[in-house]
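Source file model-v1.tsv; content: TSV, C-alpha atoms.
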chain	number	residue	atom	x	y	z
A	1	MET	CA	-36.27	-53.60	49.37
A	2	GLY	CA	-34.05	-55.89	51.40
A	3	TYR	CA	-33.39	-53.66	54.42
A	4	LYS	CA	-35.22	-53.03	57.66
A	5	VAL	CA	-34.94	-49.38	58.62
A	6	PHE	CA	-35.19	-47.59	61.95
A	7	VAL	CA	-36.08	-43.87	61.79
A	8	SER	CA	-34.94	-41.37	64.41
A	9	TYR	CA	-36.55	-37.93	64.25
A	10	LYS	CA	-37.87	-35.00	66.27
A	11	TYR	CA	-41.61	-35.60	66.32
A	12	LYS	CA	-42.71	-32.01	67.04
A	13	ASP	CA	-40.36	-29.98	64.84
A	14	TYR	CA	-42.77	-27.64	63.06
A	15	ASP	CA	-40.08	-25.72	61.16
A	16	VAL	CA	-40.15	-28.03	58.13
A	17	LYS	CA	-41.65	-27.61	54.69
A	18	HIS	CA	-45.21	-28.89	54.31
A	19	ILE	CA	-45.20	-32.19	52.45
A	20	ASP	CA	-48.04	-33.36	50.21
A	21	GLY	CA	-50.50	-35.37	52.25
A	22	GLY	CA	-49.01	-34.23	55.54
A	23	THR	CA	-51.44	-33.81	58.42
A	24	ASN	CA	-49.23	-32.88	61.37
A	25	GLY	CA	-47.16	-30.05	59.91
A	26	THR	CA	-44.10	-31.58	61.57
A	27	ALA	CA	-41.18	-33.90	60.82
A	28	ARG	CA	-43.58	-36.78	61.52
A	29	ASP	CA	-45.22	-36.13	58.13
A	30	TYR	CA	-41.98	-37.17	56.42
A	31	VAL	CA	-41.96	-40.44	58.34
A	32	ASP	CA	-45.58	-41.07	57.36
A	33	TYR	CA	-44.65	-40.36	53.72
A	34	LEU	CA	-41.90	-42.98	53.85
A	35	GLN	CA	-44.22	-45.50	55.45
A	36	ALA	CA	-47.02	-44.92	52.96
A	37	ARG	CA	-45.04	-44.62	49.73
A	38	LYS	CA	-41.58	-46.10	50.11
A	39	PHE	CA	-41.83	-49.01	52.54
A	40	SER	CA	-44.17	-51.87	53.19
A	41	GLY	CA	-45.27	-53.83	56.23
A	42	ASP	CA	-42.79	-53.75	59.08
A	43	ASP	CA	-39.79	-52.65	57.00
A	44	LEU	CA	-39.90	-49.21	58.64
A	45	ASN	CA	-39.66	-48.93	62.42
A	46	MET	CA	-40.60	-45.44	63.58
A	47	ALA	CA	-39.16	-43.97	66.75
A	48	GLU	CA	-41.43	-41.71	68.77
A	49	SER	CA	-39.46	-38.64	69.72
A	50	GLY	CA	-42.00	-36.57	71.58
A	51	ASP	CA	-41.82	-34.57	74.79
A	52	GLU	CA	-41.14	-37.51	77.07
A	53	ASP	CA	-38.70	-36.44	79.79
A	54	LEU	CA	-35.77	-38.85	79.99
A	55	SER	CA	-34.12	-37.20	82.99
A	56	GLU	CA	-35.74	-39.67	85.38
A	57	PHE	CA	-35.13	-42.73	83.22
A	58	LYS	CA	-32.40	-45.14	84.17
A	59	ASP	CA	-29.92	-46.19	81.49
A	60	GLU	CA	-31.25	-49.76	81.71
A	61	THR	CA	-34.78	-48.55	80.87
A	62	ILE	CA	-33.55	-46.66	77.82
A	63	GLN	CA	-31.46	-49.65	76.77
A	64	THR	CA	-34.42	-52.05	76.97
A	65	HIS	CA	-36.70	-49.71	75.04
A	66	LEU	CA	-34.22	-49.04	72.24
A	67	LYS	CA	-32.86	-52.56	72.00
A	68	ASP	CA	-36.39	-53.79	71.27
A	69	LYS	CA	-37.03	-51.07	68.65
A	70	ILE	CA	-33.66	-51.12	66.88
A	71	TRP	CA	-33.10	-54.88	67.05
A	72	GLY	CA	-33.25	-56.49	63.63
A	73	SER	CA	-32.82	-53.27	61.65
A	74	SER	CA	-29.72	-52.79	59.53
A	75	ILE	CA	-30.01	-49.08	58.70
A	76	THR	CA	-30.90	-46.08	60.84
A	77	LEU	CA	-32.21	-42.94	59.16
A	78	VAL	CA	-31.72	-39.79	61.21
A	79	LEU	CA	-34.05	-37.08	59.92
A	80	ILE	CA	-32.18	-33.80	60.34
A	81	SER	CA	-34.60	-30.93	60.96
A	82	PRO	CA	-34.01	-27.30	61.98
A	83	ASN	CA	-35.13	-27.71	65.60
A	84	MET	CA	-34.13	-31.30	66.24
A	85	VAL	CA	-31.89	-30.17	69.11
A	86	ASP	CA	-33.61	-28.79	72.19
A	87	ASN	CA	-30.93	-26.54	73.63
A	88	SER	CA	-32.85	-26.20	76.88
A	89	LYS	CA	-32.17	-29.88	77.65
A	90	SER	CA	-29.06	-31.97	78.06
A	91	GLU	CA	-28.41	-34.35	75.17
A	92	GLU	CA	-28.84	-37.29	77.54
A	93	ASP	CA	-32.42	-36.13	78.16
A	94	GLN	CA	-33.36	-36.30	74.45
A	95	TRP	CA	-34.21	-39.43	72.48
A	96	ILE	CA	-32.25	-38.90	69.25
A	97	PRO	CA	-28.75	-39.16	70.78
A	98	TRP	CA	-29.69	-42.41	72.50
A	99	GLU	CA	-31.24	-43.78	69.29
A	100	VAL	CA	-28.03	-43.03	67.41
A	101	SER	CA	-25.93	-44.48	70.23
A	102	TYR	CA	-27.78	-47.80	70.28
A	103	SER	CA	-27.81	-47.94	66.49
A	104	LEU	CA	-24.00	-47.90	66.59
A	105	ARG	CA	-23.65	-50.65	69.19
A	106	THR	CA	-23.23	-54.38	68.83
A	107	GLN	CA	-26.40	-55.70	70.45
A	108	THR	CA	-27.04	-59.04	72.10
A	109	LYS	CA	-30.55	-60.41	72.55
A	110	ALA	CA	-31.64	-63.95	73.38
A	111	GLY	CA	-28.11	-65.16	72.75
A	112	ARG	CA	-27.94	-63.57	69.30
A	113	ARG	CA	-25.69	-60.73	68.25
A	114	SER	CA	-26.66	-57.85	65.98
A	115	ARG	CA	-24.10	-55.70	64.19
A	116	PRO	CA	-24.06	-51.90	64.37
A	117	ASN	CA	-26.39	-50.22	61.91
A	118	ALA	CA	-25.43	-48.22	58.88
A	119	LEU	CA	-26.48	-44.58	59.36
A	120	ILE	CA	-27.84	-41.99	56.94
A	121	ALA	CA	-28.55	-38.37	57.89
A	122	VAL	CA	-31.47	-37.25	55.71
A	123	VAL	CA	-31.77	-33.46	55.78
A	124	LEU	CA	-35.36	-32.22	55.66
A	125	PRO	CA	-36.16	-28.89	53.98
A	126	ASN	CA	-36.98	-26.07	56.37
A	127	ILE	CA	-40.25	-24.16	56.24
A	128	LEU	CA	-38.88	-22.13	53.29
A	129	GLY	CA	-37.94	-25.30	51.42
A	130	GLN	CA	-34.21	-24.77	52.00
A	131	TYR	CA	-31.46	-27.07	53.26
A	132	ASN	CA	-28.81	-24.44	53.96
A	133	TYR	CA	-29.31	-24.55	57.72
A	134	PHE	CA	-27.35	-27.82	57.58
A	135	VAL	CA	-25.92	-28.30	54.07
A	136	SER	CA	-24.33	-25.75	51.74
A	137	TYR	CA	-22.15	-25.91	48.65
A	138	ASN	CA	-19.01	-24.01	47.69
A	139	THR	CA	-16.89	-23.95	44.57
A	140	TYR	CA	-13.11	-24.08	44.74
A	141	THR	CA	-10.21	-24.44	42.32
A	142	ASP	CA	-8.13	-27.58	42.85
A	143	ARG	CA	-4.40	-28.04	42.36
A	144	ASN	CA	-5.02	-28.86	38.69
A	145	ASN	CA	-6.84	-25.54	38.23
A	146	GLN	CA	-10.17	-27.34	37.88
A	147	LYS	CA	-13.37	-25.93	39.39
A	148	ARG	CA	-14.97	-28.29	41.91
A	149	GLN	CA	-18.03	-28.10	44.12
A	150	VAL	CA	-17.77	-29.27	47.70
A	151	GLN	CA	-20.48	-29.97	50.23
A	152	SER	CA	-20.21	-28.25	53.61
A	153	ILE	CA	-22.05	-29.73	56.59
A	154	CYS	CA	-22.98	-27.57	59.56
A	155	THR	CA	-22.19	-30.24	62.12
A	156	GLY	CA	-22.52	-27.68	64.91
A	157	ASN	CA	-26.28	-27.65	64.29
A	158	THR	CA	-26.80	-31.18	65.51
A	159	PHE	CA	-26.07	-33.48	68.43
A	160	GLU	CA	-22.51	-34.22	69.49
A	161	ILE	CA	-22.84	-37.95	68.83
A	162	ILE	CA	-23.87	-37.23	65.23
A	163	ARG	CA	-21.08	-34.77	64.48
A	164	ASN	CA	-18.52	-37.08	66.14
A	165	ASN	CA	-19.43	-39.78	63.62
A	166	MET	CA	-18.97	-37.48	60.66
A	167	PHE	CA	-15.50	-36.79	59.22
A	168	ASN	CA	-14.29	-39.63	61.42
A	169	GLN	CA	-12.40	-41.80	58.94
A	170	LYS	CA	-9.12	-42.90	60.55
A	171	ASN	CA	-7.01	-42.13	57.49
A	172	PRO	CA	-8.97	-39.57	55.45
A	173	ASN	CA	-7.91	-38.23	52.08
A	174	THR	CA	-7.71	-34.46	52.57
A	175	GLU	CA	-6.20	-31.36	51.04
A	176	GLU	CA	-5.89	-27.73	52.09
A	177	VAL	CA	-7.62	-25.14	49.90
A	178	ASP	CA	-7.53	-21.47	50.87
A	179	GLY	CA	-7.00	-22.42	54.50
A	180	HIS	CA	-9.86	-24.94	54.53
A	181	LYS	CA	-9.55	-28.70	54.86
A	182	ILE	CA	-11.32	-30.51	52.04
A	183	TYR	CA	-12.27	-34.18	52.58
A	184	HIS	CA	-12.39	-36.59	49.67
A	185	GLY	CA	-13.97	-40.02	49.42
A	186	ASP	CA	-15.85	-41.73	52.25
A	187	SER	CA	-14.67	-39.49	55.09
A	188	CYS	CA	-17.89	-39.82	57.16
A	189	TYR	CA	-19.44	-42.95	58.63
A	190	ILE	CA	-22.79	-41.13	58.69
A	191	THR	CA	-23.74	-40.27	55.12
A	192	THR	CA	-25.54	-36.94	54.61
A	193	VAL	CA	-28.15	-36.48	51.88
A	194	GLU	CA	-30.94	-33.98	51.18
A	195	TRP	CA	-34.51	-35.28	51.31
A	196	GLU	CA	-35.31	-34.87	47.59
A	197	ASP	CA	-32.13	-36.64	46.51
A	198	PHE	CA	-32.77	-39.42	49.02
A	199	ILE	CA	-36.33	-40.29	48.03
A	200	ASN	CA	-35.42	-40.23	44.34
A	201	ASP	CA	-32.65	-42.82	44.76
A	202	MET	CA	-33.14	-44.54	48.10
A	203	GLU	CA	-31.67	-47.89	47.13
A	204	SER	CA	-28.31	-46.45	46.14
A	205	TYR	CA	-28.02	-44.57	49.44
A	206	PHE	CA	-28.95	-47.71	51.36
A	207	ASP	CA	-26.40	-49.78	49.45
A	208	LYS	CA	-23.69	-47.17	50.02
A	209	ALA	CA	-24.44	-46.96	53.75
A	210	ILE	CA	-24.23	-50.75	54.07
A	211	GLU	CA	-20.93	-50.66	52.20
A	212	LEU	CA	-19.59	-48.22	54.79
A	213	ARG	CA	-20.89	-50.43	57.60
A	214	ASP	CA	-18.88	-53.30	56.17
A	215	LYS	CA	-15.80	-51.05	56.52
A	216	ILE	CA	-16.68	-49.76	59.99
A	217	SER	CA	-13.21	-50.66	61.30
A	218	GLU	CA	-11.86	-47.81	59.16
A	219	TYR	CA	-13.76	-45.26	61.28
A	220	ASN	CA	-13.47	-43.90	64.79
A	221	ILE	CA	-16.97	-44.73	66.03
A	222	GLN	CA	-18.25	-42.85	69.08
A	223	ILE	CA	-21.25	-44.27	70.94
A	224	ASN	CA	-21.34	-42.20	74.11
A	225	VAL	CA	-24.15	-39.71	74.72
A	226	LYS	CA	-23.08	-36.36	76.11
A	227	LYS	CA	-23.79	-36.15	79.83
A	228	ARG	CA	-24.87	-33.05	81.69
A	229	ASP	CA	-22.12	-30.78	82.91
A	230	PHE	CA	-22.90	-29.66	86.45
A	231	SER	CA	-19.77	-27.55	86.82
For this file, write the structure as structure tokens.
Amino acid sequence: MGYKVFVSYKYKDYDVKHIDGGTNGTARDYVDYLQARKFSGDDLNMAESGDEDLSEFKDETIQTHLKDKIWGSSITLVLISPNMVDNSKSEEDQWIPWEVSYSLRTQTKAGRRSRPNALIAVVLPNILGQYNYFVSYNTYTDRNNQKRQVQSICTGNTFEIIRNNMFNQKNPNTEEVDGHKIYHGDSCYITTVEWEDFINDMESYFDKAIELRDKISEYNIQINVKKRDFS
């Protein structure tokens, strides 16, 4: 395959469609599917996003843990699921924001430097088999009177660090249509794709994500995890 992949996901999100061969009934089943059918050996590094409370962890502890897991990978898959965000906790007390943050950093280990990872947001189907909790499609008429379909991403349904790295191209190609801003081209550093499309053409999505990584200077990359507001 050519790429080593780190997977960030919410281990105990039960609001996902049952996948053939799945045994947990959670987002973890999709990771197991990738490991069993799409990857081999150590090509896939699985993060464990369980109920571990990070509120007592020091930043150095989190850094050591994630540097060891993410080191050597070139692509991070973030599995988007309906309940990936625990609104009862601060983002800094949940693993996924930190996993994304360290995926976007230049890492140094044993005197060697590792570039930021390419990132792909893979949207899992909800329990009804639908993706519209995060992705929807609308048709509009362009300036040439041609009908076009555009993808809308519900960035408000995810972590701040993820939405801040979408639609973050420094000089995007946009147009106004019926009061809405339409983005053209590679406007997002984090590519968004539905699960079925992803598994049917993984290599092309990997290649595209790496292409964007090679142009990372064209994007406003945000690596900070949202801290708790005590006000």
Open item on the list: Restricting the calculation to all atoms listed in the file: of A:Met202, A:Ile161, A:Ile190, A:Val150, which residue gets closest to Glu92 (chain A)?
Closed with: A:Ile161
Need the shell around Lys215 (chain A): protein/DNA/RNA residues with any atom at most 12 Å away, counting all atoms listed in the file. Skip same-chain ones fewer than 5 positions apart. Format as an mmCIF file with C-alpha atoms, in the frame of the given file?
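Result file follows (part.cif):
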data_model
loop_
_atom_site.group_PDB
_atom_site.id
_atom_site.type_symbol
_atom_site.label_atom_id
_atom_site.label_comp_id
_atom_site.auth_asym_id
_atom_site.auth_seq_id
_atom_site.Cartn_x
_atom_site.Cartn_y
_atom_site.Cartn_z
ATOM 1 C CA PRO A 116 -24.060 -51.900 64.370
ATOM 2 C CA ASN A 117 -26.390 -50.220 61.910
ATOM 3 C CA ALA A 118 -25.430 -48.220 58.880
ATOM 4 C CA GLN A 169 -12.400 -41.800 58.940
ATOM 5 C CA LYS A 170 -9.120 -42.900 60.550
ATOM 6 C CA ASP A 186 -15.850 -41.730 52.250
ATOM 7 C CA SER A 187 -14.670 -39.490 55.090
ATOM 8 C CA CYS A 188 -17.890 -39.820 57.160
ATOM 9 C CA TYR A 189 -19.440 -42.950 58.630
ATOM 10 C CA LYS A 208 -23.690 -47.170 50.020
ATOM 11 C CA ALA A 209 -24.440 -46.960 53.750
ATOM 12 C CA ILE A 210 -24.230 -50.750 54.070
ATOM 13 C CA ASN A 220 -13.470 -43.900 64.790
ATOM 14 C CA ILE A 221 -16.970 -44.730 66.030
#
Find the residues around His18 (chain A) up to 9 Å (all atoms listed in the file counted), leave out those fewer than 6 positions away in its own chain, and share them as a PDB file with C-alpha atoms, keeping the file's coordinate frame.
ATOM      1  CA  GLY A  25     -47.160 -30.050  59.910  1.00  0.00           C
ATOM      2  CA  THR A  26     -44.100 -31.580  61.570  1.00  0.00           C
ATOM      3  CA  ASP A  29     -45.220 -36.130  58.130  1.00  0.00           C
ATOM      4  CA  ASN A 126     -36.980 -26.070  56.370  1.00  0.00           C
ATOM      5  CA  ILE A 127     -40.250 -24.160  56.240  1.00  0.00           C
ATOM      6  CA  GLY A 129     -37.940 -25.300  51.420  1.00  0.00           C
TER       7      GLY A 129
END
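Of the residues under consideration (A:Gln35, A:Ser90, A:Ser103, A:Asn200), A:Ser103 shows the shortest atom-to-atom contact distance to Ser8 (chain A) when counting all atoms listed in the file.
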Open item on the list: Report, in Å with one decimal, the straight-line distance from CA of Glu196 (chain A) to CA of Leu119 (chain A).
Closed with: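 Separation of CA of Glu196 (chain A) and CA of Leu119 (chain A): 17.6 Å.
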Open item on the list: One number please: CA of Asp43 (chain A) to CA of Lys4 (chain A), in Å, one decimal.
Closed with: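 One can read the CA of Asp43 (chain A) to CA of Lys4 (chain A) distance as 4.6 Å.
Interatomic distance, CA of Asp207 (chain A) to CA of Ile120 (chain A): 10.9 Å.
Considering the residues A:Gly156, A:Gly185, A:Val177, A:Val16 and counting only C-alpha atoms, Arg143 (chain A) has its shortest atom-to-atom contact with A:Val177.
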- [ ] Find, counting only C-alpha atoms, the residue in A:Tyr14, A:Phe206, A:Phe6, A:Tyr33 that gets nearest to Lys67 (chain A).
- [x]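 Closest candidate: A:Phe6.
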- [ ] Extract, using all atoms listed in the file, all DNA, RNA and protein residues at most 12 Å from Leu44 (chain A), discarding same-chain residues fewer than 4 positions from it, and format them as a ChimeraX atom specification.
- [x] /A:1-8,31-40,69-70,72-77
TODO: For each of A:Thr141, A:Ser136, A:Thr64, A:Asn224, take the minimum atom-to-atom distance to Cys154 (chain A), counting all atoms listed in the file, then give the residue where this is smallest.
DONE: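 When distances to Cys154 (chain A) are compared using all atoms listed in the file, the smallest one comes from A:Ser136.
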TODO: Find the spatial neighbours of Val122 (chain A), counting all atoms listed in the file, within a cut-off of 7 Å - ignore same-chain residues fewer than 4 positions away - and output them as an MDAnalysis selection string.
DONE: chainID A and resid 77:80 192:195
